[in-house]
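First comes the structure, then the notes that go with it.
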Amino acid sequence: MNIVVTGGAGFIGSNFIFHMLKTHKDYRIICFDKLTYAGNLSTLSKVMENPQFAFIRGDICDRKAVDELFQKEHPDIIVNFAAESHVDRSIEQPDIFLQTNVMGTVVLMDACRKYGITRYHQVSTDEVYGDLPLDRPDMLFTEQTPLHTSSPYSASKASADLMVMAYHRTYGLPVSISRCSNNYGPYHFPEKLIPLMIVNALHDKPLPVYGEGLNVRDWLYVEDHCKAIDMILHGQCNGEVYNIGGHNEMKNIDIVKLICKHLGKSEDLITYVTDRKGHDLRYAIDPSKITRDLGWCPETKFEDGIKKTIQWYLEHQEWWRDIISGEYQNYYKKMYENR
Ligand code: NAD
Ligand code: DAU
C-alpha cells in the first residue's frame, strides 16, 4: 500500500506519518509538502532514514509536480492535510487560503481521477459548521449540521469539502471526509493557542487572551485524531463524512490558567487583548457516527494529554526555538503589538 500524505511536515500530518509507520510497517508513506512557514523538515528527522518513508517537496497547487508525484509513487491512497490552517492569518490574507485549500484540493483530485486511487481522504475541520451558542450545551455539531462558515479559513475548508463531494457524485471518485475539533500535542506550531501560551509563559511574556477568554473549543489529543483517520481509511467509508471529537469542551481562559499552573507561572501574565474578528463562540462535536460505524473512541484524557504536551515542549526546546527565532518574530509583532 502506497499512501501519499500531503502537508506531512506540519502538525497533524507529521503525527499521522509517525502513527502509520508505527502501526502499518509494510506500508510505504510518501510525504508531499511545500514547506511553507508551517512545514518543518526537522519535524520529520526521526523518520527520514526509514526505508518505508520518502519526502518530496512540492506544492499541491502545482499540477506538473502533482502529476510527477503520481507517476513516480503510484499512490493507492491520498490523505490531504496540506492547507493554510490558521484563522488569524486568513483574516489578514484570505487569498492564499482559497488557493491552497480549495484549488490545491481540486488539483489533487484531478490527479486521482487521471491515475486512479482507492481513496482520496480530505482532512477537514469542525469549523465548517460555524459556531454554537455558549448557553446551549445541549447543541452539538453532527454530520447533518448545515455548513455555515465564519472566517476565510473555514469558508475555504467548506468550499473544499463541497468540491470533494462534487467529485464523488459527478465522477464517482472514492472519497471520505473527516471533520475534527481542535487538536493539541507535539509539533503544534506556536501561532496556535496552546503552544503559543506555553512558549510565552516559558519566556515570562504576556499571555494574549482574545476578548474575555470565554470562547469554547473541543480539544482532542492529536494521536486520537490520527487513529480515527487510520480507521476511516480502512473502513467501508466511500462517500462518508465523519465528525471527530472527544467531548472535551473548555473555555480558552481555563486552558491558559491550566498552562500557568503546570509551568508554575503567575496568572498575572494573562493579558486580555482585542478580540479576533468574527470570533466563533463555541465548537462541540458529536462523534457518535464514527464510534458507531468504526468503533473509534478518544483514548487520551485532557488532563494527561496537556501534561504530555507541556512536557514535550519542555524537552524539545530546540524545535520551537528555531521556529520562533525567524520570520515568526515579525508575525508576532504584527499580530500582537498594540493589540
Ligand atoms: P499546519 O499548518 O501545522 O500544517 C500544514 C502543512 O501543510 C505544512 O507542513 C505546510 O508546509 C503544508 N502546506 C501548506 N500549503 C501547502 C501546499 N500548497 N502544498 C503542499 N503543502 C502545503 O496544519 P495542521 O494544524 O497540521 O492541520 C492539518 C490539516 O488538518 C489542515 O487541513 C487543517 O485544516 C486540518 N485541521 C486542523 C485542526 C487543528 O486543530 N490543527 C483541526 C481540524 C482539522
Ligand atoms: O476547530 C478546528 C480548528 O482549530 C482547525 O480547523 C484550525 O486549523 C486550528 O487552527 C484551530 O482553530 P482555532 O481558531 O480554534 O485555534 P487557535 O489555536 O488559533 O485558537 C483557539 C482559541 O484561542 C480561539 O478561540 C482563539 C483563542 N486565542 C488564540 C490565540 C492564537 C487566543 O485567545 N489568543 C491567541 O493568541
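The way I read the labels, and the way they are meant: chains A, B, ... in the order of the C-alpha cells, residue 1 as the first residue of every chain, and ligand 1 as the first ligand shown, with later ones counted on from there.
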
May I have the residues within 12 Å of Lys114 of chain A as JSON, numbers by chain, using only C-alpha atoms and disregarding those fewer than 3 positions away in the same chain? {"A": [63, 66, 67, 70, 71, 74, 107, 108, 109, 110, 111, 117, 171, 173]}

Output C-alpha atoms of each residue in that selection to a file, as a PDB file, in the first residue's frame.
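Contents of part.pdb, freshly written:
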```pdb
ATOM      1  CA  ARG A  63      -0.309  20.336 -11.492  1.00  0.00           C
ATOM      2  CA  VAL A  66       1.439  16.554  -8.583  1.00  0.00           C
ATOM      3  CA  ASP A  67       1.459  14.617 -11.882  1.00  0.00           C
ATOM      4  CA  PHE A  70       1.554  10.190  -9.066  1.00  0.00           C
ATOM      5  CA  GLN A  71       3.726   8.864 -11.927  1.00  0.00           C
ATOM      6  CA  HIS A  74       1.633   5.215  -7.816  1.00  0.00           C
ATOM      7  CA  VAL A 107      -5.580  19.674  -8.349  1.00  0.00           C
ATOM      8  CA  LEU A 108      -5.046  16.601  -6.136  1.00  0.00           C
ATOM      9  CA  MET A 109      -8.451  15.151  -7.014  1.00  0.00           C
ATOM     10  CA  ASP A 110      -7.871  15.735 -10.751  1.00  0.00           C
ATOM     11  CA  ALA A 111      -4.722  13.638 -10.464  1.00  0.00           C
ATOM     12  CA  ILE A 117      -6.764   5.626  -6.477  1.00  0.00           C
ATOM     13  CA  TYR A 171     -17.043  11.466 -11.322  1.00  0.00           C
ATOM     14  CA  LEU A 173     -14.185   9.416  -7.117  1.00  0.00           C
TER      15      LEU A 173
END
```

Identify, on the basis of only C-alpha atoms, every residue whose closest approach to Glu249 of chain A does not exceed 10 Å; exclude the query and any residue fewer than 2 positions from it along the same chain; express the result as a list in words. Pro137, Ser181, Asn182, Asn215, Val216, Arg217, Asp218, Trp219, Leu220, Gly245, Gly246, His247, Lys251, Asn252, Arg282, Tyr283, Ala284, Ile285 and Phe302 of chain A

Nearest to ligand 1 by atom-to-atom distance, counting only C-alpha atoms and all ligand atoms, from A:Ile78, A:Ala9, A:Val222, A:Ala228: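 Comparing A:Ile78, A:Ala9, A:Val222, A:Ala228 against ligand 1, the winner is A:Ala9.
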
Please report the interatomic distance between atom CA of Phe32 of chain A and atom CA of Val79 of chain A in Å with one decimal.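 Separating atom CA of Phe32 of chain A from atom CA of Val79 of chain A is a distance of 10.2 Å.
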
Report, in Å with one decimal, the straight-line distance from atom 34 (N, counted along the ligand's line) of ligand 2 to atom CA of Glu84 of chain A.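 Taking atom 34 (N, counted along the ligand's line) of ligand 2 and atom CA of Glu84 of chain A, their separation equals 18.1 Å.
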
Exercise answer, 9 Å around ligand 2 with only C-alpha atoms and all ligand atoms, as a PyMOL selection string: chain A and resi 83-88+124-128+153-154+157+179-184+190-197+207-219+251-253+256+272-273+275-276+279-284+335-336

I'd like the neighbourhood of His234 of chain A as a list in words, where a residue qualifies if any of its atoms comes within 10 Å (using only C-alpha atoms), though same-chain residues fewer than 4 positions away should be ignored.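 Listed by chain and then number, they are Arg119, Ile229, Asp230 and Leu294 of chain A.
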
Can you tell me, as a PyMOL selection string, which residues in segment 166-261 of chain A count as helix (DSSP H, G or I) by DSSP? chain A and resi 166-171+193-202+222-234+252-261

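Within segment 245-311 of chain A, residues classed as strand (DSSP E or B) by DSSP on backbone coordinates are A:Glu249, A:Met250, A:Lys251, A:Ile270, A:Thr271, A:Tyr272, A:Val273, A:Arg282, A:Ile285.
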
Pick from A:Leu263, A:Leu35, A:Ala158, A:Ile12: nearest to Phe55 of chain A, with only C-alpha atoms counted? A:Leu35

So that I can see what lies close to Ile324 of chain A, please list as a VMD selection string the residues with an atom at most 12 Å from it, counting only C-alpha atoms and leaving out residues fewer than 6 positions away in the same chain. chain A and resid 37 to 38 189 to 191 195 to 196 199 to 200 203 317 to 318 330 to 333

Selected residues, all heavy atoms, written as a compact mmCIF listing (two decimals), in the first residue's frame, please.
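Result file follows (out_28.txt):
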```txt
# COMPACT_ATOMS: atom_id res chain seq x y z
N TYR A 37 5.82 28.31 5.85
CA TYR A 37 6.28 28.69 7.20
C TYR A 37 5.88 27.62 8.23
O TYR A 37 6.55 27.45 9.25
CB TYR A 37 5.69 30.06 7.60
CG TYR A 37 4.27 29.94 8.06
CD1 TYR A 37 3.97 29.77 9.41
CD2 TYR A 37 3.20 29.92 7.15
CE1 TYR A 37 2.67 29.61 9.84
CE2 TYR A 37 1.91 29.74 7.56
CZ TYR A 37 1.64 29.59 8.92
OH TYR A 37 0.36 29.40 9.34
N ALA A 38 4.77 26.91 7.95
CA ALA A 38 4.23 25.95 8.94
C ALA A 38 4.83 24.56 8.80
O ALA A 38 4.61 23.70 9.66
CB ALA A 38 2.71 25.86 8.80
N PHE A 189 2.41 24.16 15.86
CA PHE A 189 3.12 25.41 15.55
C PHE A 189 2.74 26.50 16.56
O PHE A 189 1.54 26.72 16.82
CB PHE A 189 2.76 25.85 14.13
CG PHE A 189 3.67 26.92 13.59
CD1 PHE A 189 4.85 26.56 12.93
CD2 PHE A 189 3.37 28.26 13.74
CE1 PHE A 189 5.70 27.54 12.44
CE2 PHE A 189 4.22 29.24 13.26
CZ PHE A 189 5.40 28.88 12.60
N PRO A 190 3.74 27.22 17.10
CA PRO A 190 3.44 28.15 18.21
C PRO A 190 2.73 29.46 17.83
O PRO A 190 2.86 30.46 18.52
CB PRO A 190 4.84 28.44 18.79
CG PRO A 190 5.80 28.10 17.72
CD PRO A 190 5.17 27.05 16.85
N GLU A 191 1.91 29.40 16.76
CA GLU A 191 0.99 30.51 16.48
C GLU A 191 -0.39 30.17 17.05
O GLU A 191 -1.25 31.03 17.14
CB GLU A 191 0.86 30.73 14.96
CG GLU A 191 0.22 29.54 14.26
CD GLU A 191 0.24 29.58 12.75
OE1 GLU A 191 0.56 30.62 12.16
OE2 GLU A 191 -0.08 28.53 12.14
N PRO A 195 0.33 25.96 22.12
CA PRO A 195 1.80 26.12 22.07
C PRO A 195 2.25 27.57 22.25
O PRO A 195 3.29 27.82 22.85
CB PRO A 195 2.18 25.58 20.68
CG PRO A 195 0.92 25.56 19.90
CD PRO A 195 -0.20 25.40 20.86
N LEU A 196 1.44 28.53 21.77
CA LEU A 196 1.81 29.94 21.94
C LEU A 196 1.86 30.30 23.42
O LEU A 196 2.81 30.95 23.90
CB LEU A 196 0.83 30.84 21.19
CG LEU A 196 1.15 32.34 21.17
CD1 LEU A 196 0.75 32.96 19.83
CD2 LEU A 196 0.45 33.11 22.28
N VAL A 199 4.95 28.62 25.10
CA VAL A 199 6.21 29.27 24.73
C VAL A 199 6.31 30.65 25.39
O VAL A 199 7.36 31.01 25.95
CB VAL A 199 6.31 29.34 23.18
CG1 VAL A 199 7.40 30.30 22.74
CG2 VAL A 199 6.57 27.94 22.60
N ASN A 200 5.21 31.42 25.36
CA ASN A 200 5.25 32.74 26.00
C ASN A 200 5.46 32.62 27.51
O ASN A 200 6.26 33.35 28.10
CB ASN A 200 3.95 33.51 25.74
CG ASN A 200 3.95 34.18 24.38
OD1 ASN A 200 4.74 33.80 23.51
ND2 ASN A 200 3.08 35.15 24.17
N HIS A 203 8.88 32.16 28.56
CA HIS A 203 9.68 33.39 28.45
C HIS A 203 9.18 34.49 29.40
O HIS A 203 9.63 35.64 29.30
CB HIS A 203 9.63 33.93 27.02
CG HIS A 203 10.43 33.13 26.04
ND1 HIS A 203 9.89 32.17 25.24
CD2 HIS A 203 11.74 33.16 25.75
CE1 HIS A 203 10.83 31.64 24.48
NE2 HIS A 203 11.97 32.21 24.78
N GLN A 317 12.95 22.01 23.16
CA GLN A 317 13.06 23.47 23.01
C GLN A 317 13.77 23.85 21.72
O GLN A 317 13.49 24.89 21.15
CB GLN A 317 13.80 24.05 24.22
CG GLN A 317 13.09 23.71 25.51
CD GLN A 317 13.21 24.75 26.59
OE1 GLN A 317 13.66 25.87 26.35
NE2 GLN A 317 12.79 24.41 27.78
N GLU A 318 14.71 22.98 21.25
CA GLU A 318 15.42 23.32 20.02
C GLU A 318 14.43 23.41 18.85
O GLU A 318 14.59 24.24 17.96
CB GLU A 318 16.59 22.36 19.74
CG GLU A 318 16.28 20.94 19.25
CD GLU A 318 15.49 20.07 20.24
OE1 GLU A 318 15.41 20.41 21.44
OE2 GLU A 318 14.92 19.05 19.80
N ASN A 330 8.43 38.66 13.25
CA ASN A 330 7.68 39.70 12.52
C ASN A 330 6.18 39.44 12.62
O ASN A 330 5.38 40.35 12.81
CB ASN A 330 8.07 39.72 11.04
CG ASN A 330 9.52 40.09 10.86
OD1 ASN A 330 10.10 40.78 11.71
ND2 ASN A 330 10.13 39.62 9.79
N TYR A 331 5.83 38.14 12.45
CA TYR A 331 4.42 37.75 12.56
C TYR A 331 3.87 38.16 13.92
O TYR A 331 2.81 38.77 14.03
CB TYR A 331 4.27 36.23 12.35
CG TYR A 331 2.92 35.71 12.77
CD1 TYR A 331 1.82 35.83 11.93
CD2 TYR A 331 2.73 35.13 14.04
CE1 TYR A 331 0.57 35.38 12.32
CE2 TYR A 331 1.48 34.68 14.44
CZ TYR A 331 0.41 34.81 13.57
OH TYR A 331 -0.84 34.38 13.97
N TYR A 332 4.63 37.85 14.96
CA TYR A 332 4.16 38.09 16.32
C TYR A 332 3.92 39.58 16.55
O TYR A 332 2.90 40.00 17.10
CB TYR A 332 5.14 37.51 17.35
CG TYR A 332 4.48 37.38 18.70
CD1 TYR A 332 3.79 36.23 19.05
CD2 TYR A 332 4.50 38.44 19.61
CE1 TYR A 332 3.14 36.12 20.27
CE2 TYR A 332 3.85 38.34 20.83
CZ TYR A 332 3.17 37.18 21.15
OH TYR A 332 2.51 37.08 22.35
N LYS A 333 4.91 40.37 16.07
CA LYS A 333 4.80 41.84 16.23
C LYS A 333 3.54 42.35 15.55
O LYS A 333 2.76 43.11 16.11
CB LYS A 333 6.02 42.51 15.59
CG LYS A 333 7.01 43.01 16.59
CD LYS A 333 8.01 43.94 15.93
CE LYS A 333 9.30 43.83 16.69
NZ LYS A 333 10.46 43.64 15.87
```

At what distance in Å, to one decimal, does atom CA of Ser90 of chain A lie from atom CA of Tyr120 of chain A?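 Atom-to-atom, atom CA of Tyr120 of chain A to atom CA of Ser90 of chain A, that is 25.3 Å.
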
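Comparing A:Glu49, A:Asp76, A:Asp62, A:Asp286 by their smallest distance to ligand 1, the closest is A:Asp62 (using only C-alpha atoms and all ligand atoms).
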
Min atom-atom distance to ligand 1 from the set A:Gly185, A:Pro75, A:Pro146, A:Gly264, counting only C-alpha atoms and all ligand atoms, belongs to A:Gly185

Using only C-alpha atoms, pick whichever of A:His188, A:Arg28, A:His262, A:Lys22 has the shortest atom-to-atom distance to Asn2 of chain A.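 When distances to Asn2 of chain A are compared using only C-alpha atoms, the smallest one comes from A:Arg28.
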
Given the choices A:Gln93, A:Asn80, A:Thr118, A:Thr291, which gets closest to ligand 1 if the distance is worked out from only C-alpha atoms and all ligand atoms?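 Answer, going by the shortest atom-to-atom distance: A:Asn80.
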